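Trainee: So I've got this file, upload.cif, and it contains mmCIF, N, CA, C and O atoms:
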```
data_structure
#
loop_
_atom_site.label_atom_id
_atom_site.label_comp_id
_atom_site.auth_asym_id
_atom_site.auth_seq_id
_atom_site.Cartn_x
_atom_site.Cartn_y
_atom_site.Cartn_z
N ALA O 1376 6.11 4.08 23.66
CA ALA O 1376 6.12 3.22 22.48
C ALA O 1376 6.22 1.78 22.99
O ALA O 1376 7.16 1.43 23.68
N HIS O 1377 5.23 1.00 22.65
CA HIS O 1377 5.21 -0.40 23.06
C HIS O 1377 5.80 -1.24 21.94
O HIS O 1377 5.45 -1.05 20.77
N TYR O 1378 6.65 -2.17 22.32
CA TYR O 1378 7.27 -3.05 21.33
C TYR O 1378 7.64 -4.37 21.97
O TYR O 1378 7.68 -4.50 23.20
N ARG O 1379 7.91 -5.33 21.11
CA ARG O 1379 8.46 -6.62 21.53
C ARG O 1379 9.62 -6.93 20.60
O ARG O 1379 9.55 -6.63 19.40
N ASP O 1380 10.65 -7.55 21.14
CA ASP O 1380 11.80 -7.94 20.33
C ASP O 1380 11.70 -9.40 19.95
O ASP O 1380 11.29 -10.24 20.76
N LEU O 1381 12.07 -9.71 18.72
CA LEU O 1381 12.05 -11.07 18.20
C LEU O 1381 13.44 -11.41 17.69
O LEU O 1381 13.97 -10.74 16.81
N ASP O 1382 14.02 -12.46 18.27
CA ASP O 1382 15.31 -12.96 17.79
C ASP O 1382 15.03 -13.87 16.60
O ASP O 1382 14.42 -14.93 16.75
N THR O 1383 15.46 -13.45 15.44
CA THR O 1383 15.17 -14.20 14.21
C THR O 1383 16.24 -15.25 13.91
O THR O 1383 16.11 -15.99 12.95
N GLY O 1384 17.28 -15.27 14.70
CA GLY O 1384 18.39 -16.17 14.44
C GLY O 1384 19.49 -15.49 13.64
O GLY O 1384 20.64 -15.91 13.66
N THR O 1385 19.14 -14.44 12.94
CA THR O 1385 20.13 -13.65 12.19
C THR O 1385 20.20 -12.22 12.69
O THR O 1385 20.93 -11.40 12.14
N GLY O 1386 19.43 -11.92 13.71
CA GLY O 1386 19.40 -10.58 14.29
C GLY O 1386 18.13 -10.40 15.09
O GLY O 1386 17.34 -11.32 15.26
N ILE O 1387 17.96 -9.19 15.58
CA ILE O 1387 16.78 -8.86 16.38
C ILE O 1387 15.88 -7.93 15.58
O ILE O 1387 16.34 -6.94 15.02
N ASP O 1388 14.60 -8.27 15.53
CA ASP O 1388 13.58 -7.40 14.95
C ASP O 1388 12.79 -6.81 16.11
O ASP O 1388 12.31 -7.55 16.98
N ARG O 1389 12.67 -5.50 16.14
CA ARG O 1389 11.86 -4.83 17.16
C ARG O 1389 10.50 -4.51 16.54
O ARG O 1389 10.40 -3.71 15.62
N VAL O 1390 9.47 -5.13 17.08
CA VAL O 1390 8.11 -5.01 16.56
C VAL O 1390 7.36 -3.95 17.36
O VAL O 1390 6.99 -4.17 18.52
N PHE O 1391 7.16 -2.79 16.75
CA PHE O 1391 6.40 -1.70 17.39
C PHE O 1391 4.92 -1.93 17.13
O PHE O 1391 4.50 -2.01 15.99
N PHE O 1392 4.14 -2.03 18.23
CA PHE O 1392 2.72 -2.33 18.05
C PHE O 1392 1.78 -1.28 18.63
O PHE O 1392 0.59 -1.30 18.34
N HIS O 1393 2.29 -0.33 19.41
CA HIS O 1393 1.40 0.70 19.95
C HIS O 1393 2.23 1.90 20.43
O HIS O 1393 3.27 1.72 21.05
N THR O 1394 1.75 3.08 20.12
CA THR O 1394 2.37 4.31 20.62
C THR O 1394 1.25 5.18 21.18
O THR O 1394 0.22 5.36 20.52
N VAL O 1395 1.45 5.67 22.37
CA VAL O 1395 0.40 6.48 23.00
C VAL O 1395 1.03 7.59 23.83
O VAL O 1395 2.09 7.42 24.43
N VAL O 1396 0.37 8.74 23.81
CA VAL O 1396 0.72 9.88 24.67
C VAL O 1396 -0.56 10.26 25.39
O VAL O 1396 -1.63 10.36 24.78
N ASP O 1397 -0.47 10.46 26.68
CA ASP O 1397 -1.63 10.82 27.48
C ASP O 1397 -2.31 12.06 26.89
O ASP O 1397 -1.63 12.99 26.44
N ASP O 1398 -3.62 12.06 26.92
CA ASP O 1398 -4.40 13.18 26.36
C ASP O 1398 -3.99 14.53 26.94
O ASP O 1398 -4.07 15.55 26.26
N ALA O 1399 -3.55 14.55 28.17
CA ALA O 1399 -3.15 15.81 28.81
C ALA O 1399 -1.95 16.44 28.11
O ALA O 1399 -1.71 17.64 28.25
N TYR O 1400 -1.21 15.64 27.35
CA TYR O 1400 -0.01 16.13 26.67
C TYR O 1400 -0.18 16.19 25.15
O TYR O 1400 0.79 16.42 24.44
N ALA O 1401 -1.39 16.00 24.68
CA ALA O 1401 -1.65 16.01 23.24
C ALA O 1401 -1.32 17.37 22.64
O ALA O 1401 -1.42 18.41 23.29
N GLY O 1402 -0.89 17.34 21.37
CA GLY O 1402 -0.63 18.57 20.64
C GLY O 1402 0.70 19.23 20.94
O GLY O 1402 0.95 20.35 20.49
N GLN O 1403 1.57 18.57 21.68
CA GLN O 1403 2.85 19.16 22.05
C GLN O 1403 4.01 18.53 21.29
O GLN O 1403 5.18 18.83 21.57
N GLY O 1404 3.71 17.65 20.34
CA GLY O 1404 4.76 17.02 19.56
C GLY O 1404 5.48 15.89 20.28
O GLY O 1404 6.53 15.43 19.83
N LEU O 1405 4.91 15.44 21.39
CA LEU O 1405 5.58 14.40 22.17
C LEU O 1405 5.57 13.04 21.49
O LEU O 1405 6.53 12.28 21.63
N ALA O 1406 4.52 12.73 20.73
CA ALA O 1406 4.48 11.44 20.04
C ALA O 1406 5.63 11.34 19.03
O ALA O 1406 6.28 10.30 18.92
N GLY O 1407 5.89 12.42 18.33
CA GLY O 1407 7.00 12.43 17.38
C GLY O 1407 8.34 12.29 18.07
O GLY O 1407 9.22 11.56 17.59
N LYS O 1408 8.51 12.97 19.20
CA LYS O 1408 9.76 12.84 19.96
C LYS O 1408 9.93 11.43 20.50
O LYS O 1408 11.03 10.87 20.47
N LEU O 1409 8.84 10.85 20.97
CA LEU O 1409 8.87 9.49 21.48
C LEU O 1409 9.24 8.51 20.36
O LEU O 1409 10.11 7.65 20.53
N ALA O 1410 8.60 8.66 19.20
CA ALA O 1410 8.89 7.78 18.06
C ALA O 1410 10.35 7.93 17.63
O ALA O 1410 11.04 6.93 17.41
N ALA O 1411 10.82 9.16 17.52
CA ALA O 1411 12.21 9.39 17.10
C ALA O 1411 13.19 8.73 18.06
O ALA O 1411 14.13 8.06 17.64
N PHE O 1412 12.96 8.90 19.36
CA PHE O 1412 13.86 8.30 20.35
C PHE O 1412 13.84 6.78 20.26
O PHE O 1412 14.89 6.13 20.23
N ALA O 1413 12.65 6.19 20.20
CA ALA O 1413 12.53 4.73 20.16
C ALA O 1413 13.16 4.16 18.89
O ALA O 1413 13.85 3.13 18.93
N LEU O 1414 12.95 4.82 17.77
CA LEU O 1414 13.51 4.33 16.50
C LEU O 1414 15.02 4.52 16.46
O LEU O 1414 15.74 3.63 15.99
N GLU O 1415 15.52 5.64 16.94
CA GLU O 1415 16.97 5.86 16.97
C GLU O 1415 17.66 4.84 17.88
O GLU O 1415 18.73 4.34 17.56
N ASP O 1416 17.04 4.54 19.00
CA ASP O 1416 17.58 3.53 19.90
C ASP O 1416 17.63 2.16 19.21
O ASP O 1416 18.61 1.44 19.32
N THR O 1417 16.58 1.84 18.49
CA THR O 1417 16.50 0.56 17.76
C THR O 1417 17.61 0.47 16.73
O THR O 1417 18.31 -0.54 16.64
N VAL O 1418 17.80 1.52 15.96
CA VAL O 1418 18.85 1.55 14.94
C VAL O 1418 20.24 1.47 15.59
O VAL O 1418 21.11 0.74 15.12
N ALA O 1419 20.43 2.21 16.67
CA ALA O 1419 21.73 2.21 17.36
C ALA O 1419 22.11 0.82 17.88
O ALA O 1419 23.28 0.46 17.90
N LEU O 1420 21.10 0.05 18.25
CA LEU O 1420 21.34 -1.32 18.72
C LEU O 1420 21.59 -2.30 17.57
O LEU O 1420 21.95 -3.44 17.81
N GLY O 1421 21.35 -1.84 16.34
CA GLY O 1421 21.52 -2.71 15.18
C GLY O 1421 20.32 -3.60 14.92
O GLY O 1421 20.41 -4.57 14.17
N TYR O 1422 19.17 -3.27 15.52
CA TYR O 1422 17.96 -4.04 15.34
C TYR O 1422 17.21 -3.55 14.10
O TYR O 1422 17.38 -2.40 13.67
N LYS O 1423 16.35 -4.39 13.57
CA LYS O 1423 15.47 -4.00 12.48
C LYS O 1423 14.16 -3.47 13.06
O LYS O 1423 13.75 -3.85 14.16
N ILE O 1424 13.49 -2.62 12.31
CA ILE O 1424 12.22 -2.01 12.73
C ILE O 1424 11.08 -2.70 12.00
O ILE O 1424 11.09 -2.81 10.78
N VAL O 1425 10.11 -3.18 12.78
CA VAL O 1425 8.88 -3.74 12.21
C VAL O 1425 7.75 -2.84 12.68
O VAL O 1425 7.42 -2.80 13.87
N ALA O 1426 7.17 -2.08 11.75
CA ALA O 1426 6.17 -1.08 12.09
C ALA O 1426 4.76 -1.66 11.93
O ALA O 1426 4.21 -1.68 10.85
N VAL O 1427 4.21 -2.14 13.04
CA VAL O 1427 2.82 -2.60 13.07
C VAL O 1427 1.93 -1.47 13.58
O VAL O 1427 0.81 -1.30 13.12
N CYS O 1428 2.45 -0.67 14.48
CA CYS O 1428 1.75 0.49 15.03
C CYS O 1428 1.48 1.51 13.92
O CYS O 1428 2.42 1.90 13.20
N PRO O 1429 0.24 1.97 13.79
CA PRO O 1429 -0.06 2.96 12.75
C PRO O 1429 0.78 4.23 12.85
O PRO O 1429 1.21 4.77 11.83
N TYR O 1430 1.02 4.72 14.06
CA TYR O 1430 1.81 5.94 14.20
C TYR O 1430 3.25 5.72 13.73
O TYR O 1430 3.81 6.55 13.01
N ILE O 1431 3.86 4.62 14.13
CA ILE O 1431 5.23 4.33 13.72
C ILE O 1431 5.29 4.13 12.20
O ILE O 1431 6.25 4.56 11.56
N LYS O 1432 4.27 3.50 11.62
CA LYS O 1432 4.23 3.34 10.15
C LYS O 1432 4.28 4.70 9.46
O LYS O 1432 5.07 4.91 8.55
N VAL O 1433 3.44 5.61 9.90
CA VAL O 1433 3.39 6.94 9.29
C VAL O 1433 4.70 7.68 9.54
O VAL O 1433 5.26 8.30 8.62
N TYR O 1434 5.22 7.60 10.74
CA TYR O 1434 6.46 8.30 11.09
C TYR O 1434 7.61 7.82 10.20
O TYR O 1434 8.37 8.64 9.67
N THR O 1435 7.76 6.52 10.03
CA THR O 1435 8.85 6.00 9.21
C THR O 1435 8.65 6.34 7.74
O THR O 1435 9.63 6.53 7.00
N THR O 1436 7.41 6.46 7.30
CA THR O 1436 7.12 6.87 5.93
C THR O 1436 7.54 8.32 5.70
O THR O 1436 8.06 8.66 4.63
N LYS O 1437 7.35 9.16 6.69
CA LYS O 1437 7.73 10.57 6.59
C LYS O 1437 9.24 10.78 6.76
O LYS O 1437 9.74 11.86 6.45
N HIS O 1438 9.94 9.79 7.29
CA HIS O 1438 11.38 9.89 7.55
C HIS O 1438 12.12 8.74 6.88
O HIS O 1438 12.93 8.05 7.50
N THR O 1439 11.86 8.57 5.59
CA THR O 1439 12.43 7.42 4.87
C THR O 1439 13.95 7.45 4.82
O THR O 1439 14.58 6.40 4.87
N ASP O 1440 14.55 8.64 4.73
CA ASP O 1440 16.01 8.71 4.68
C ASP O 1440 16.66 8.09 5.91
O ASP O 1440 17.71 7.47 5.82
N GLU O 1441 16.03 8.26 7.06
CA GLU O 1441 16.60 7.76 8.30
C GLU O 1441 16.32 6.28 8.54
O GLU O 1441 17.14 5.58 9.14
N TYR O 1442 15.15 5.79 8.08
CA TYR O 1442 14.71 4.48 8.54
C TYR O 1442 14.46 3.43 7.46
O TYR O 1442 14.35 2.25 7.79
N ALA O 1443 14.41 3.81 6.21
CA ALA O 1443 14.03 2.85 5.15
C ALA O 1443 14.91 1.60 5.16
O ALA O 1443 14.40 0.48 5.03
N GLN O 1444 16.20 1.76 5.33
CA GLN O 1444 17.10 0.60 5.26
C GLN O 1444 17.01 -0.27 6.51
O GLN O 1444 17.55 -1.37 6.54
N HIS O 1445 16.29 0.18 7.54
CA HIS O 1445 16.16 -0.57 8.78
C HIS O 1445 14.79 -1.23 8.93
O HIS O 1445 14.57 -1.97 9.90
N LEU O 1446 13.89 -0.98 8.00
CA LEU O 1446 12.53 -1.51 8.08
C LEU O 1446 12.45 -2.94 7.55
O LEU O 1446 13.09 -3.28 6.56
N VAL O 1447 11.62 -3.73 8.21
CA VAL O 1447 11.32 -5.09 7.79
C VAL O 1447 9.79 -5.20 7.76
O VAL O 1447 9.11 -4.75 8.69
N ALA O 1448 9.26 -5.79 6.71
CA ALA O 1448 7.81 -5.98 6.61
C ALA O 1448 7.35 -6.99 7.65
O ALA O 1448 8.02 -8.00 7.88
N PRO O 1449 6.21 -6.74 8.29
CA PRO O 1449 5.69 -7.68 9.29
C PRO O 1449 5.36 -9.04 8.66
O PRO O 1449 4.86 -9.10 7.54
N THR O 1450 5.67 -10.07 9.40
CA THR O 1450 5.33 -11.43 8.99
C THR O 1450 4.44 -12.04 10.07
O THR O 1450 4.24 -11.46 11.14
N ASN O 1451 3.92 -13.23 9.83
CA ASN O 1451 3.12 -13.92 10.84
C ASN O 1451 3.93 -14.14 12.11
O ASN O 1451 3.39 -14.05 13.21
N GLN O 1452 5.21 -14.42 11.97
CA GLN O 1452 6.08 -14.64 13.14
C GLN O 1452 6.12 -13.38 14.01
O GLN O 1452 6.07 -13.47 15.23
N HIS O 1453 6.19 -12.22 13.38
CA HIS O 1453 6.17 -10.97 14.14
C HIS O 1453 4.83 -10.79 14.85
O HIS O 1453 4.79 -10.39 16.02
N LEU O 1454 3.76 -11.04 14.15
CA LEU O 1454 2.43 -10.82 14.71
C LEU O 1454 2.11 -11.79 15.84
O LEU O 1454 1.36 -11.45 16.77
N GLU O 1455 2.68 -12.98 15.81
CA GLU O 1455 2.41 -13.98 16.84
C GLU O 1455 2.97 -13.59 18.21
O GLU O 1455 2.48 -14.09 19.22
N ILE O 1456 3.97 -12.72 18.27
CA ILE O 1456 4.55 -12.34 19.56
C ILE O 1456 3.83 -11.16 20.22
O ILE O 1456 4.15 -10.81 21.34
N LEU O 1457 2.87 -10.58 19.52
CA LEU O 1457 2.18 -9.41 20.06
C LEU O 1457 1.18 -9.83 21.14
O LEU O 1457 0.62 -10.92 21.08
N PRO O 1458 0.95 -8.96 22.10
CA PRO O 1458 -0.04 -9.27 23.15
C PRO O 1458 -1.43 -9.38 22.55
O PRO O 1458 -1.77 -8.69 21.59
N ARG O 1459 -2.21 -10.24 23.12
CA ARG O 1459 -3.60 -10.43 22.68
C ARG O 1459 -4.50 -9.43 23.41
O ARG O 1459 -4.32 -9.18 24.59
N ALA O 1460 -5.43 -8.89 22.65
CA ALA O 1460 -6.35 -7.90 23.26
C ALA O 1460 -7.40 -8.58 24.12
O ALA O 1460 -7.71 -9.69 24.03
#
```
Take the structure in the file and give it back as structure tokens.
Mentor:
Amino acid sequence: AHYRDLDTGTGIDRVFFHTVVDDAYAGQGLAGKLAAFALEDTVALGYKIVAVCPYIKVYTTKHTDEYAQHLVAPTNQHLEILPRA
């Protein structure tokens, strides 16, 4: 799970922008385990979750009880810290 942290002055927002599992490991549920670990770590640190990555967006939508109160909508400030393609 690729992410960048942004200090907003009132806390840290963790901006998830890409999640990938090697094709050799596809279909084993590893992307879900990776997302769960990364999101749980983010919550444990007291950071907010900014889901720019499509996989993380879907994952947090399917697990609203766990993550809804930790989600922050992406802003231009979040998008400006992402790596350029």
Trainee: Could you pull out all residues of chain O with a DSSP call of strand (DSSP E or B) and give them as a list in words?
Mentor: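 Taking chain O and keeping strand (DSSP E or B) only, one gets His1377, Tyr1378, Arg1379, Asp1380, Leu1381, Asp1382, Ile1387, Asp1388, Arg1389, Val1390, Phe1391, Phe1392, His1393, Lys1423, Ile1424, Val1425, Ala1426 and Leu1446 of chain O.
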Trainee: Can you write just those residues out, N, CA, C and O atoms, as a compact mmCIF listing (two decimals), in the coordinates of the input?
Mentor:
```txt
# COMPACT_ATOMS: atom_id res chain seq x y z
N HIS O 1377 5.23 1.00 22.65
CA HIS O 1377 5.21 -0.40 23.06
C HIS O 1377 5.80 -1.24 21.94
O HIS O 1377 5.45 -1.05 20.77
N TYR O 1378 6.65 -2.17 22.32
CA TYR O 1378 7.27 -3.05 21.33
C TYR O 1378 7.64 -4.37 21.97
O TYR O 1378 7.68 -4.50 23.20
N ARG O 1379 7.91 -5.33 21.11
CA ARG O 1379 8.46 -6.62 21.53
C ARG O 1379 9.62 -6.93 20.60
O ARG O 1379 9.55 -6.63 19.40
N ASP O 1380 10.65 -7.55 21.14
CA ASP O 1380 11.80 -7.94 20.33
C ASP O 1380 11.70 -9.40 19.95
O ASP O 1380 11.29 -10.24 20.76
N LEU O 1381 12.07 -9.71 18.72
CA LEU O 1381 12.05 -11.07 18.20
C LEU O 1381 13.44 -11.41 17.69
O LEU O 1381 13.97 -10.74 16.81
N ASP O 1382 14.02 -12.46 18.27
CA ASP O 1382 15.31 -12.96 17.79
C ASP O 1382 15.03 -13.87 16.60
O ASP O 1382 14.42 -14.93 16.75
N ILE O 1387 17.96 -9.19 15.58
CA ILE O 1387 16.78 -8.86 16.38
C ILE O 1387 15.88 -7.93 15.58
O ILE O 1387 16.34 -6.94 15.02
N ASP O 1388 14.60 -8.27 15.53
CA ASP O 1388 13.58 -7.40 14.95
C ASP O 1388 12.79 -6.81 16.11
O ASP O 1388 12.31 -7.55 16.98
N ARG O 1389 12.67 -5.50 16.14
CA ARG O 1389 11.86 -4.83 17.16
C ARG O 1389 10.50 -4.51 16.54
O ARG O 1389 10.40 -3.71 15.62
N VAL O 1390 9.47 -5.13 17.08
CA VAL O 1390 8.11 -5.01 16.56
C VAL O 1390 7.36 -3.95 17.36
O VAL O 1390 6.99 -4.17 18.52
N PHE O 1391 7.16 -2.79 16.75
CA PHE O 1391 6.40 -1.70 17.39
C PHE O 1391 4.92 -1.93 17.13
O PHE O 1391 4.50 -2.01 15.99
N PHE O 1392 4.14 -2.03 18.23
CA PHE O 1392 2.72 -2.33 18.05
C PHE O 1392 1.78 -1.28 18.63
O PHE O 1392 0.59 -1.30 18.34
N HIS O 1393 2.29 -0.33 19.41
CA HIS O 1393 1.40 0.70 19.95
C HIS O 1393 2.23 1.90 20.43
O HIS O 1393 3.27 1.72 21.05
N LYS O 1423 16.35 -4.39 13.57
CA LYS O 1423 15.47 -4.00 12.48
C LYS O 1423 14.16 -3.47 13.06
O LYS O 1423 13.75 -3.85 14.16
N ILE O 1424 13.49 -2.62 12.31
CA ILE O 1424 12.22 -2.01 12.73
C ILE O 1424 11.08 -2.70 12.00
O ILE O 1424 11.09 -2.81 10.78
N VAL O 1425 10.11 -3.18 12.78
CA VAL O 1425 8.88 -3.74 12.21
C VAL O 1425 7.75 -2.84 12.68
O VAL O 1425 7.42 -2.80 13.87
N ALA O 1426 7.17 -2.08 11.75
CA ALA O 1426 6.17 -1.08 12.09
C ALA O 1426 4.76 -1.66 11.93
O ALA O 1426 4.21 -1.68 10.85
N LEU O 1446 13.89 -0.98 8.00
CA LEU O 1446 12.53 -1.51 8.08
C LEU O 1446 12.45 -2.94 7.55
O LEU O 1446 13.09 -3.28 6.56
```
Trainee: Go through O:Ile1424, O:Ala1376, O:Ala1419, O:Leu1381 and flag the residue nearest His1445 in chain O, using all atoms listed in the file for the distances.
Mentor: O:Ile1424
Trainee: Go through O:Val1418, O:Glu1441, O:His1377, O:Leu1457 and flag the residue nearest Phe1391 in chain O, using only C-alpha atoms for the distances.
Mentor: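 Checking each of O:Val1418, O:Glu1441, O:His1377, O:Leu1457 against Phe1391 in chain O, counting only C-alpha atoms, the winner is O:His1377.
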Trainee: Which residues, written as a list in words, have at least one atom at most 6 Å from Ala1426 in chain O, with only N, CA, C and O atoms counted and residues fewer than 3 positions away on the same chain left out?
Mentor: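 Here the qualifying residues turn out to be Arg1389, Val1390, Phe1391, Ile1431, Lys1432, Val1447 and Pro1449 of chain O.
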Trainee: Between atom C of His1393 in chain O and CA of Thr1435 in chain O, what distance in Å does the model show, to one decimal?
Mentor: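 Computing the Euclidean distance for atom C of His1393 in chain O and CA of Thr1435 in chain O yields 13.7 Å.
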Trainee: Name all residues at most 7 Å from Val1396 in chain O (count all atoms listed in the file; drop same-chain ones fewer than 4 positions away) and give them as a list in words.
Mentor: Tyr1400, Ala1401, Leu1405 and Ala1406 of chain O
Trainee: As a PyMOL selection string, please: every residue in chain O that a backbone DSSP assignment puts in alpha helix (DSSP H).
Mentor: chain O and resi 1405-1419+1429-1437+1439-1442+1451-1455
Trainee: Expressed in Å to a single decimal, how great is the separation between CA of Val1433 in chain O and atom C of Thr1383 in chain O?
Mentor: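 Atom C of Thr1383 in chain O lies at a distance of 26.1 Å from CA of Val1433 in chain O.
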Trainee: Fewer than 5 positions away in the same chain doesn't count, so skip those; otherwise give me all residues within 8 Å of Ile1387 in chain O, counting only C-alpha atoms, as a ChimeraX atom specification.
Mentor: /O:1380-1382,1421-1423
Trainee: Quick one: pull the distance between atom N of Leu1420 in chain O and atom N of Thr1394 in chain O, Å, one decimal.
Mentor: 19.7 Å
Trainee: Which residue gives the smallest distance to Tyr1430 in chain O among O:Gly1384, O:Ala1399, O:Arg1379, O:Phe1392, with all atoms listed in the file counted?
Mentor: O:Phe1392
